[in-house]
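Dropping start.tsv in here (TSV, C-alpha atoms):
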```
chain	number	residue	atom	x	y	z
A	1159	MET	CA	-27.31	10.46	-21.64
A	1160	ALA	CA	-25.73	8.62	-24.59
A	1161	SER	CA	-24.16	5.22	-24.05
A	1162	GLY	CA	-20.61	5.64	-22.75
A	1163	THR	CA	-21.13	9.35	-22.01
A	1164	ILE	CA	-21.78	10.97	-18.64
A	1165	THR	CA	-22.50	14.69	-18.52
A	1166	VAL	CA	-21.91	16.59	-15.27
A	1167	SER	CA	-22.12	20.26	-14.39
A	1168	GLU	CA	-18.97	22.28	-13.78
A	1169	ALA	CA	-19.80	22.35	-10.06
A	1170	ASP	CA	-20.13	18.55	-9.90
A	1171	TYR	CA	-16.94	18.11	-11.92
A	1172	LEU	CA	-15.07	20.19	-9.34
A	1173	ARG	CA	-16.72	18.21	-6.53
A	1174	ILE	CA	-15.41	14.98	-8.03
A	1175	LEU	CA	-11.91	16.50	-8.18
A	1176	ILE	CA	-12.01	17.84	-4.62
A	1177	HIS	CA	-13.70	14.79	-3.09
A	1178	GLY	CA	-11.90	12.31	-5.32
A	1179	THR	CA	-10.65	10.20	-2.40
A	1180	THR	CA	-14.23	9.77	-1.18
A	1181	ALA	CA	-15.44	8.85	-4.66
A	1182	PHE	CA	-12.71	6.22	-4.93
A	1183	GLU	CA	-13.53	4.75	-1.52
A	1184	LEU	CA	-17.23	4.50	-2.40
A	1185	LEU	CA	-16.29	2.48	-5.47
A	1186	ARG	CA	-13.73	0.35	-3.64
A	1187	THR	CA	-16.16	-0.37	-0.80
A	1188	GLY	CA	-18.86	-1.40	-3.25
A	1189	LEU	CA	-16.43	-3.94	-4.67
A	1190	GLU	CA	-15.31	-5.10	-1.22
A	1191	PHE	CA	-18.90	-5.91	-0.24
A	1192	ASP	CA	-19.60	-7.59	-3.61
A	1193	LEU	CA	-22.48	-5.13	-3.88
A	1194	PHE	CA	-22.59	-4.97	-7.66
A	1195	GLU	CA	-22.73	-8.77	-7.99
A	1196	ARG	CA	-25.44	-8.96	-5.34
A	1197	LEU	CA	-27.57	-6.30	-7.03
A	1198	GLU	CA	-27.18	-8.00	-10.40
A	1199	ALA	CA	-28.16	-11.42	-9.04
A	1200	ALA	CA	-31.22	-9.99	-7.26
A	1201	GLU	CA	-32.17	-7.70	-10.16
A	1202	GLY	CA	-32.16	-4.82	-7.67
A	1203	MET	CA	-32.54	-4.31	-3.91
A	1204	ASP	CA	-33.90	-1.69	-1.54
A	1205	ILE	CA	-31.91	-0.28	1.38
A	1206	GLU	CA	-33.02	-2.92	3.89
A	1207	GLU	CA	-32.27	-5.77	1.48
A	1208	VAL	CA	-28.81	-4.38	0.75
A	1209	ALA	CA	-28.09	-3.98	4.47
A	1210	GLU	CA	-29.04	-7.60	5.12
A	1211	ALA	CA	-27.06	-8.85	2.11
A	1212	ILE	CA	-23.81	-7.06	3.03
A	1213	GLY	CA	-24.17	-7.50	6.80
A	1214	THR	CA	-24.48	-3.88	7.94
A	1215	GLU	CA	-27.10	-1.69	9.58
A	1216	ALA	CA	-29.49	0.19	7.30
A	1217	GLN	CA	-27.85	3.61	7.84
A	1218	PRO	CA	-24.38	2.65	6.54
A	1219	ALA	CA	-25.99	0.83	3.62
A	1220	ARG	CA	-28.02	3.95	2.81
A	1221	ILE	CA	-24.86	6.10	2.83
A	1222	LEU	CA	-23.08	3.72	0.43
A	1223	LEU	CA	-26.07	3.52	-1.92
A	1224	LEU	CA	-26.50	7.30	-1.94
A	1225	GLY	CA	-22.84	7.81	-2.78
A	1226	LEU	CA	-22.74	5.22	-5.57
A	1227	ALA	CA	-25.98	6.52	-7.06
A	1228	SER	CA	-24.67	10.11	-7.00
A	1229	LEU	CA	-21.65	8.88	-8.98
A	1230	ARG	CA	-23.99	7.31	-11.58
A	1231	LEU	CA	-22.80	3.81	-10.72
A	1232	LEU	CA	-26.24	2.83	-9.45
A	1233	GLU	CA	-29.72	3.79	-10.62
A	1234	LYS	CA	-33.09	3.75	-8.87
A	1235	LYS	CA	-36.03	1.83	-10.31
A	1236	ASP	CA	-39.12	2.18	-8.16
A	1237	ASP	CA	-37.72	1.54	-4.65
A	1238	LYS	CA	-34.86	-0.69	-5.83
A	1239	TYR	CA	-31.23	0.18	-6.54
A	1240	VAL	CA	-29.84	-1.45	-9.70
A	1241	ASN	CA	-26.50	-1.39	-11.49
A	1242	SER	CA	-25.90	1.14	-14.22
A	1243	GLU	CA	-24.81	-0.06	-17.66
A	1244	MET	CA	-21.30	1.19	-16.90
A	1245	VAL	CA	-21.10	-1.10	-13.86
A	1246	ARG	CA	-22.33	-4.03	-15.95
A	1247	ARG	CA	-19.60	-3.39	-18.52
A	1248	LYS	CA	-16.66	-2.75	-16.20
A	1249	LEU	CA	-17.32	-3.53	-12.53
A	1250	LEU	CA	-18.86	-7.00	-12.56
A	1251	ARG	CA	-16.25	-9.71	-12.08
A	1252	SER	CA	-17.73	-11.69	-14.96
A	1253	SER	CA	-17.11	-8.81	-17.38
A	1254	PRO	CA	-14.11	-9.14	-19.73
A	1255	ARG	CA	-13.36	-5.46	-18.99
A	1256	PHE	CA	-13.54	-5.79	-15.19
A	1257	LEU	CA	-11.47	-3.03	-13.53
A	1258	GLY	CA	-11.09	-4.66	-10.12
A	1259	PRO	CA	-7.32	-5.27	-10.37
A	1260	LEU	CA	-6.80	-1.58	-11.18
A	1261	VAL	CA	-8.82	-0.59	-8.11
A	1262	ASP	CA	-6.73	-2.98	-5.99
A	1263	ILE	CA	-3.36	-1.57	-7.05
A	1264	GLN	CA	-4.64	1.97	-6.58
A	1265	ALA	CA	-5.93	1.19	-3.08
A	1266	ASP	CA	-3.09	-0.99	-1.81
A	1267	ILE	CA	-0.05	0.61	-3.45
A	1268	ILE	CA	-0.51	3.91	-5.28
A	1269	ASN	CA	-2.89	6.07	-3.25
A	1270	ARG	CA	-0.79	6.02	-0.10
A	1271	SER	CA	2.03	7.79	-1.97
A	1272	LEU	CA	0.28	10.47	-4.03
A	1273	GLY	CA	0.11	12.97	-1.17
A	1274	ASP	CA	3.84	13.38	-1.85
A	1275	PHE	CA	3.36	14.50	-5.45
A	1276	ALA	CA	4.17	18.16	-4.80
A	1277	GLU	CA	7.31	17.31	-2.83
A	1278	SER	CA	8.33	14.82	-5.52
A	1279	MET	CA	8.08	17.67	-8.02
A	1280	ARG	CA	10.27	19.89	-5.83
A	1281	GLN	CA	12.92	17.21	-5.40
A	1282	ASN	CA	12.44	15.65	-8.85
A	1283	THR	CA	12.44	12.18	-7.34
A	1284	ASN	CA	9.98	9.59	-6.02
A	1285	VAL	CA	9.47	10.86	-2.47
A	1286	GLY	CA	6.31	8.74	-2.16
A	1287	LEU	CA	8.41	5.58	-2.16
A	1288	ARG	CA	8.99	6.22	1.56
A	1289	HIS	CA	5.61	4.61	2.25
A	1290	ILE	CA	6.87	1.20	1.09
A	1291	GLU	CA	9.85	-0.05	3.06
A	1292	GLY	CA	12.52	-2.22	1.51
A	1293	PRO	CA	15.66	-2.22	-0.62
A	1294	GLY	CA	16.15	-0.23	-3.79
A	1295	ASP	CA	15.22	3.15	-5.22
A	1296	THR	CA	12.20	2.11	-7.32
A	1297	LEU	CA	8.80	0.63	-6.56
A	1298	TYR	CA	9.71	-2.51	-8.51
A	1299	GLU	CA	12.68	-3.20	-6.24
A	1300	ARG	CA	10.76	-2.41	-3.05
A	1301	LEU	CA	7.95	-4.81	-3.99
A	1302	THR	CA	10.37	-7.74	-3.76
A	1303	ALA	CA	10.19	-7.29	0.03
A	1304	HIS	CA	6.37	-7.42	-0.04
A	1305	PRO	CA	5.16	-10.56	-1.85
A	1306	GLU	CA	1.50	-9.75	-1.19
A	1307	LEU	CA	1.83	-6.30	-2.76
A	1308	GLN	CA	3.93	-7.68	-5.58
A	1309	GLU	CA	1.10	-10.11	-6.35
A	1310	VAL	CA	-1.43	-7.23	-6.40
A	1311	PHE	CA	0.86	-5.21	-8.65
A	1312	TYR	CA	1.50	-7.91	-11.23
A	1313	ARG	CA	-2.12	-9.08	-11.19
A	1314	ASN	CA	-3.10	-5.60	-12.37
A	1315	MET	CA	-0.22	-5.40	-14.85
A	1316	GLY	CA	-1.16	-8.80	-16.26
A	1317	ASP	CA	-4.82	-7.82	-16.53
A	1318	ALA	CA	-3.99	-4.52	-18.25
A	1319	SER	CA	-1.47	-6.22	-20.56
A	1320	LYS	CA	-3.98	-8.86	-21.60
A	1321	LYS	CA	-6.48	-6.19	-22.66
A	1322	ALA	CA	-3.94	-3.98	-24.40
A	1323	PHE	CA	-1.85	-6.74	-26.00
A	1324	ALA	CA	-4.80	-8.00	-28.04
A	1325	GLN	CA	-4.46	-4.82	-30.10
A	1326	ILE	CA	-0.85	-5.64	-30.97
A	1327	LEU	CA	-1.73	-9.14	-32.11
A	1328	ASP	CA	-4.38	-7.68	-34.40
A	1329	ARG	CA	-2.09	-5.00	-35.88
A	1330	TYR	CA	1.44	-6.43	-35.95
A	1331	ASP	CA	2.56	-9.63	-37.69
A	1332	PHE	CA	5.13	-11.63	-35.69
A	1333	SER	CA	5.27	-14.51	-38.19
A	1334	GLY	CA	8.63	-13.38	-39.59
A	1335	LEU	CA	10.30	-13.56	-36.15
A	1336	HIS	CA	11.78	-16.66	-34.51
A	1337	HIS	CA	12.72	-15.65	-30.96
A	1338	VAL	CA	11.37	-12.63	-29.07
A	1339	ILE	CA	12.61	-11.24	-25.73
A	1340	ASP	CA	9.88	-9.74	-23.55
A	1341	ILE	CA	11.81	-7.20	-21.48
A	1342	GLY	CA	10.17	-6.53	-18.14
A	1343	GLY	CA	7.65	-9.20	-19.11
A	1344	GLY	CA	6.13	-9.36	-15.63
A	1345	ASP	CA	3.87	-12.34	-15.06
A	1346	GLY	CA	4.34	-13.56	-18.64
A	1347	THR	CA	0.84	-12.68	-19.85
A	1348	ASN	CA	2.04	-11.22	-23.15
A	1349	SER	CA	4.65	-13.91	-23.77
A	1350	ILE	CA	2.23	-16.75	-23.18
A	1351	GLU	CA	-0.41	-15.23	-25.46
A	1352	LEU	CA	2.17	-14.50	-28.17
A	1353	ALA	CA	3.51	-18.07	-28.09
A	1354	ARG	CA	-0.03	-19.40	-28.19
A	1355	ARG	CA	-0.85	-17.30	-31.27
A	1356	TYR	CA	2.41	-18.19	-33.11
A	1357	PRO	CA	3.23	-21.90	-32.61
A	1358	HIS	CA	6.70	-21.56	-34.19
A	1359	LEU	CA	7.84	-18.72	-31.93
A	1360	GLU	CA	10.09	-18.85	-28.87
A	1361	VAL	CA	9.62	-16.13	-26.27
A	1362	THR	CA	11.85	-15.27	-23.31
A	1363	VAL	CA	10.62	-13.24	-20.35
A	1364	PHE	CA	13.46	-11.11	-19.01
A	1365	ASP	CA	12.71	-9.60	-15.59
A	1366	GLN	CA	13.71	-9.62	-11.92
A	1367	GLU	CA	14.22	-13.08	-10.43
A	1368	SER	CA	11.26	-12.76	-8.04
A	1369	VAL	CA	9.02	-11.76	-10.95
A	1370	THR	CA	10.10	-14.57	-13.26
A	1371	ARG	CA	9.19	-17.02	-10.48
A	1372	ILE	CA	5.63	-15.67	-10.58
A	1373	ALA	CA	5.60	-15.90	-14.38
A	1374	ALA	CA	6.94	-19.47	-14.47
A	1375	GLN	CA	4.10	-20.66	-12.25
A	1376	ARG	CA	1.55	-19.52	-14.83
A	1377	THR	CA	2.86	-21.69	-17.69
A	1378	GLU	CA	1.01	-24.95	-17.13
A	1379	ASP	CA	0.65	-25.92	-20.79
A	1380	ALA	CA	3.40	-28.48	-21.52
A	1381	GLU	CA	3.79	-27.45	-25.16
A	1382	LEU	CA	3.97	-23.75	-24.31
A	1383	SER	CA	6.49	-24.37	-21.55
A	1384	LYS	CA	8.94	-25.63	-24.20
A	1385	ARG	CA	8.80	-22.28	-26.01
A	1386	VAL	CA	8.24	-19.75	-23.21
A	1387	HIS	CA	11.42	-19.24	-21.20
A	1388	PHE	CA	12.20	-17.18	-18.10
A	1389	HIS	CA	15.54	-15.42	-17.80
A	1390	PRO	CA	16.11	-13.48	-14.57
A	1391	GLY	CA	18.25	-10.40	-14.84
A	1392	ASP	CA	18.70	-6.67	-14.40
A	1393	LEU	CA	18.03	-4.65	-17.53
A	1394	PHE	CA	20.65	-2.07	-16.58
A	1395	THR	CA	23.53	-4.32	-15.55
A	1396	ASP	CA	23.00	-7.73	-17.17
A	1397	ALA	CA	23.36	-8.79	-20.80
A	1398	LEU	CA	20.17	-9.61	-22.66
A	1399	PRO	CA	19.56	-13.23	-23.65
A	1400	GLU	CA	21.23	-14.17	-26.94
A	1401	GLY	CA	19.73	-15.44	-30.16
A	1402	ALA	CA	16.63	-13.21	-30.42
A	1403	ASP	CA	15.58	-11.34	-33.55
A	1404	GLY	CA	12.82	-9.37	-31.82
A	1405	ILE	CA	12.55	-7.44	-28.55
A	1406	MET	CA	9.33	-6.26	-26.91
A	1407	PHE	CA	9.91	-3.08	-24.89
A	1408	PHE	CA	6.39	-2.94	-23.47
A	1409	HIS	CA	5.26	-0.60	-20.66
A	1410	ILE	CA	8.86	0.29	-19.84
A	1411	PHE	CA	9.31	3.57	-21.71
A	1412	GLU	CA	6.91	5.36	-19.38
A	1413	ILE	CA	8.96	4.35	-16.31
A	1414	TRP	CA	12.21	6.14	-17.17
A	1415	SER	CA	13.59	9.47	-18.37
A	1416	LEU	CA	14.03	9.99	-22.10
A	1417	GLU	CA	17.81	9.80	-21.68
A	1418	ARG	CA	17.63	6.49	-19.85
A	1419	ASN	CA	15.17	5.09	-22.39
A	1420	THR	CA	17.52	5.96	-25.22
A	1421	GLU	CA	20.32	4.17	-23.36
A	1422	LEU	CA	18.17	1.06	-22.85
A	1423	LEU	CA	17.01	1.05	-26.47
A	1424	ARG	CA	20.64	1.30	-27.60
A	1425	LYS	CA	21.30	-1.84	-25.55
A	1426	CYS	CA	18.40	-3.51	-27.37
A	1427	TYR	CA	19.81	-2.35	-30.72
A	1428	GLU	CA	23.20	-3.86	-29.95
A	1429	ALA	CA	21.65	-7.18	-28.89
A	1430	LEU	CA	19.71	-7.61	-32.15
A	1431	PRO	CA	21.05	-9.02	-35.43
A	1432	PRO	CA	20.74	-7.06	-38.69
A	1433	GLY	CA	17.07	-7.09	-39.65
A	1434	GLY	CA	15.96	-7.44	-36.02
A	1435	VAL	CA	13.11	-5.35	-34.61
A	1436	CYS	CA	12.38	-3.61	-31.33
A	1437	LEU	CA	8.73	-2.93	-30.53
A	1438	VAL	CA	8.05	-0.10	-28.07
A	1439	TYR	CA	4.46	-0.12	-26.77
A	1440	ASN	CA	3.18	2.12	-23.98
A	1441	PHE	CA	0.56	4.36	-22.51
A	1442	VAL	CA	0.99	7.68	-24.29
A	1443	SER	CA	-0.09	11.28	-24.10
A	1444	ASN	CA	-0.92	13.10	-27.31
A	1445	ASP	CA	1.81	14.92	-29.22
A	1446	GLU	CA	0.33	18.27	-28.13
A	1447	GLY	CA	0.67	17.54	-24.39
A	1448	THR	CA	-3.02	18.17	-23.63
A	1449	GLY	CA	-4.28	14.63	-22.96
A	1450	SER	CA	-5.46	11.99	-22.80
A	1451	MET	CA	-6.97	11.99	-19.32
A	1452	SER	CA	-5.51	8.51	-18.79
A	1453	GLY	CA	-2.03	9.82	-19.57
A	1454	GLY	CA	-2.50	12.86	-17.39
A	1455	LEU	CA	-3.69	10.91	-14.37
A	1456	VAL	CA	-1.11	8.12	-14.60
A	1457	SER	CA	1.98	10.33	-14.99
A	1458	PRO	CA	2.18	11.54	-11.34
A	1459	TYR	CA	2.48	7.88	-10.25
A	1460	PHE	CA	5.73	7.46	-12.18
A	1461	LEU	CA	7.30	10.56	-10.65
A	1462	THR	CA	5.96	10.15	-7.11
A	1463	LEU	CA	6.33	6.40	-6.63
A	1464	ALA	CA	7.48	4.17	-9.48
A	1465	SER	CA	10.87	5.53	-10.49
A	1466	GLY	CA	11.00	9.26	-9.83
A	1467	GLU	CA	11.68	10.09	-13.46
A	1468	GLY	CA	9.06	8.74	-15.86
A	1469	MET	CA	5.69	9.82	-17.29
A	1470	THR	CA	3.34	8.97	-20.13
A	1471	TYR	CA	5.30	10.36	-23.07
A	1472	ALA	CA	4.05	11.33	-26.51
A	1473	PRO	CA	4.56	8.95	-29.45
A	1474	LYS	CA	6.96	11.49	-30.97
A	1475	ASP	CA	9.20	11.02	-27.89
A	1476	MET	CA	9.26	7.27	-28.45
A	1477	ASP	CA	10.03	7.76	-32.15
A	1478	LYS	CA	12.97	10.08	-31.41
A	1479	ALA	CA	14.45	7.79	-28.73
A	1480	ILE	CA	14.34	4.79	-31.08
A	1481	ARG	CA	16.08	6.74	-33.83
A	1482	ASP	CA	18.66	8.11	-31.38
A	1483	ALA	CA	19.37	4.53	-30.26
A	1484	GLY	CA	20.46	3.67	-33.80
A	1485	PHE	CA	17.42	2.14	-35.49
A	1486	SER	CA	17.35	3.26	-39.11
A	1487	HIS	CA	13.73	2.60	-40.08
A	1488	VAL	CA	10.86	3.38	-37.72
A	1489	GLU	CA	7.14	2.57	-37.99
A	1490	ARG	CA	4.47	4.19	-35.83
A	1491	TYR	CA	1.02	2.79	-35.04
A	1492	ASP	CA	-1.36	5.26	-33.41
A	1493	GLY	CA	-5.02	4.99	-32.42
A	1494	LEU	CA	-4.69	1.57	-30.80
A	1495	GLY	CA	-7.11	2.28	-27.96
A	1496	PHE	CA	-6.44	2.24	-24.20
A	1497	SER	CA	-4.36	5.42	-24.84
A	1498	HIS	CA	-1.56	3.33	-26.35
A	1499	SER	CA	0.79	3.63	-29.32
A	1500	LEU	CA	3.26	1.21	-30.87
A	1501	VAL	CA	6.55	2.37	-32.39
A	1502	VAL	CA	8.74	-0.22	-34.11
A	1503	GLY	CA	12.45	0.20	-34.82
A	1504	HIS	CA	14.18	-1.91	-37.49
A	1505	LYS	CA	17.93	-2.57	-37.36
```
Represent the structure of the file as structure tokens.
Amino acid sequence: MASGTITVSEADYLRILIHGTTAFELLRTGLEFDLFERLEAAEGMDIEEVAEAIGTEAQPARILLLGLASLRLLEKKDDKYVNSEMVRRKLLRSSPRFLGPLVDIQADIINRSLGDFAESMRQNTNVGLRHIEGPGDTLYERLTAHPELQEVFYRNMGDASKKAFAQILDRYDFSGLHHVIDIGGGDGTNSIELARRYPHLEVTVFDQESVTRIAAQRTEDAELSKRVHFHPGDLFTDALPEGADGIMFFHIFEIWSLERNTELLRKCYEALPPGGVCLVYNFVSNDEGTGSMSGGLVSPYFLTLASGEGMTYAPKDMDKAIRDAGFSHVERYDGLGFSHSLVVGHK
């Protein structure tokens, strides 16, 4: 097996699809019991040692170890179970690519709704939202009534943004901009990092009031707090902050229909001065509509729970919406990793 590659038979591939909920719960339970950290610290354990370490009887420990080993997350060396290289890269909390926040949002928020995917398709709306009580017709509105879930949600969004945003900073030069609005900026992860990288730049996070409160609490650096601002508002009904020559439209395009995205991008166009830029950065599918797997597996969430109308679109969809919104010159950056693309519209 080459590094980063796992080969399974067709029968096992179908088993993973059919028993996917069980596979997920094996992974989530391993994280809940800190099993991967314990195995790493001990350089491997047998069944009895694992049972003692996680506080269970030997039989439940054996079941967990069997399941995780069958999924190639654990390996057996002599009579000891040890972490696979994949676990060391992505499931240890000390790893820079730790996927724990993604597991949390899947377990606490998303999985409960996905049984309604078929009915959401029939009704063409987010039927799965019924599992989260509260005001509003989108997940983002409903989360305001559940601070603990909102924290889980934005912890994952912040973690994912931090990993993906590094690509933008390496590929796009913000030095010619003076003030950037981060629409739907969540917990401020991108804005804080952008202001840190460009000491001359002002950045304004524009998001729901409850979200900007979370973001404001993260800006402890006194110098950064002078340049990172938080402007609560509704993207559909409120005017955008004035005085910006750049707008970041990050991880928003996938939430809404193409028609609604074009409408929102037209609002961005009108808020910018001549020469201003709007950067659209999202998870994407390929232009052929055959992948990636990330795009294919994330899209049902947007229909079933998030908004009832979005998906992971192709870069060509983003390009067309930006042009239809009025931007005359468009740049496209593909191959950014994490199944992302950046499309930039110039006014």
Using all atoms listed in the file, which protein or nucleic acid residues come within 8 Å of Ser1349 of chain A? Drop anything in the same chain fewer than 6 positions from it, and give the result as JSON, numbers by chain. {"A": [1340, 1343, 1361, 1362, 1363, 1386]}
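Separating atom CA of Glu1428 of chain A from atom CA of Ser1383 of chain A is a distance of 27.8 Å.
Between Thr1470 of chain A and the residues A:Gly1495, A:Pro1293, A:Gly1449, A:Gly1213, the shortest atom-to-atom distance, using all atoms listed in the file, involves A:Gly1449.
Closest approach to Val1442 of chain A among A:Ala1483, A:Leu1494, A:Leu1422, A:Val1488: A:Leu1494, based on all atoms listed in the file.
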With only C-alpha atoms counted, which protein, DNA or RNA residues have an atom no more than 12 Å from (-24.3, -11.5, -9.6) in the file frame? Please answer as a PDB file with C-alpha atoms, in the frame of the given file.
```pdb
ATOM      1  CA  LEU A1189     -16.430  -3.940  -4.670  1.00  0.00           C
ATOM      2  CA  ASP A1192     -19.600  -7.590  -3.610  1.00  0.00           C
ATOM      3  CA  LEU A1193     -22.480  -5.130  -3.880  1.00  0.00           C
ATOM      4  CA  PHE A1194     -22.590  -4.970  -7.660  1.00  0.00           C
ATOM      5  CA  GLU A1195     -22.730  -8.770  -7.990  1.00  0.00           C
ATOM      6  CA  ARG A1196     -25.440  -8.960  -5.340  1.00  0.00           C
ATOM      7  CA  LEU A1197     -27.570  -6.300  -7.030  1.00  0.00           C
ATOM      8  CA  GLU A1198     -27.180  -8.000 -10.400  1.00  0.00           C
ATOM      9  CA  ALA A1199     -28.160 -11.420  -9.040  1.00  0.00           C
ATOM     10  CA  ALA A1200     -31.220  -9.990  -7.260  1.00  0.00           C
ATOM     11  CA  GLU A1201     -32.170  -7.700 -10.160  1.00  0.00           C
ATOM     12  CA  GLY A1202     -32.160  -4.820  -7.670  1.00  0.00           C
ATOM     13  CA  VAL A1240     -29.840  -1.450  -9.700  1.00  0.00           C
ATOM     14  CA  ASN A1241     -26.500  -1.390 -11.490  1.00  0.00           C
ATOM     15  CA  VAL A1245     -21.100  -1.100 -13.860  1.00  0.00           C
ATOM     16  CA  ARG A1246     -22.330  -4.030 -15.950  1.00  0.00           C
ATOM     17  CA  LEU A1249     -17.320  -3.530 -12.530  1.00  0.00           C
ATOM     18  CA  LEU A1250     -18.860  -7.000 -12.560  1.00  0.00           C
ATOM     19  CA  ARG A1251     -16.250  -9.710 -12.080  1.00  0.00           C
ATOM     20  CA  SER A1252     -17.730 -11.690 -14.960  1.00  0.00           C
ATOM     21  CA  SER A1253     -17.110  -8.810 -17.380  1.00  0.00           C
TER      22      SER A1253
END
```
Tell me which protein, DNA and RNA residues are within 7 Å of Glu1360 of chain A, counting only C-alpha atoms, leaving out same-chain ones fewer than 6 positions away, and put them as a PyMOL selection string. chain A and resi 1336-1338+1353+1385-1386
Taking (11.9, -0.9, -4.1) in the file's coordinates, which residues come within 10 Å, counting only C-alpha atoms, written as a ChimeraX atom specification? /A:1287-1288,1290-1304,1463-1465
Residues near segment 1256-1264 of chain A, anyone? I mean within 7 Å using all atoms listed in the file, not counting same-chain ones fewer than 5 positions away, as JSON, numbers by chain. {"A": [1186, 1248, 1249, 1250, 1251, 1269, 1310, 1311, 1313, 1314]}
Go through A:Gly1503, A:Gly1188, A:Ser1497, A:Val1166 one by one, measure the shortest atom-to-atom distance of each to Ala1322 of chain A using only C-alpha atoms, and give the residue with the smallest value. A:Ser1497
Using all atoms listed in the file, determine which residues lie at most 10 Å from segment 1387-1392 of chain A, disregarding the query and same-chain residues fewer than 2 positions distant; provide the list as a PyMOL selection string. chain A and resi 1339-1343+1346+1349-1350+1360-1371+1373-1374+1377+1382-1385+1394-1399
Quick one: pull the distance between atom CA of Phe1275 of chain A and atom CA of Ile1413 of chain A, Å, one decimal. 15.9 Å
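Interatomic distance, atom CA of Leu1455 of chain A against atom CA of Gly1316 of chain A: 20.0 Å.
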If you count only C-alpha atoms, which residues fall within 10 Å of Asp1445 of chain A, apart from same-chain ones fewer than 2 positions away, as a PyMOL selection string? chain A and resi 1442-1443+1447-1449+1471-1475
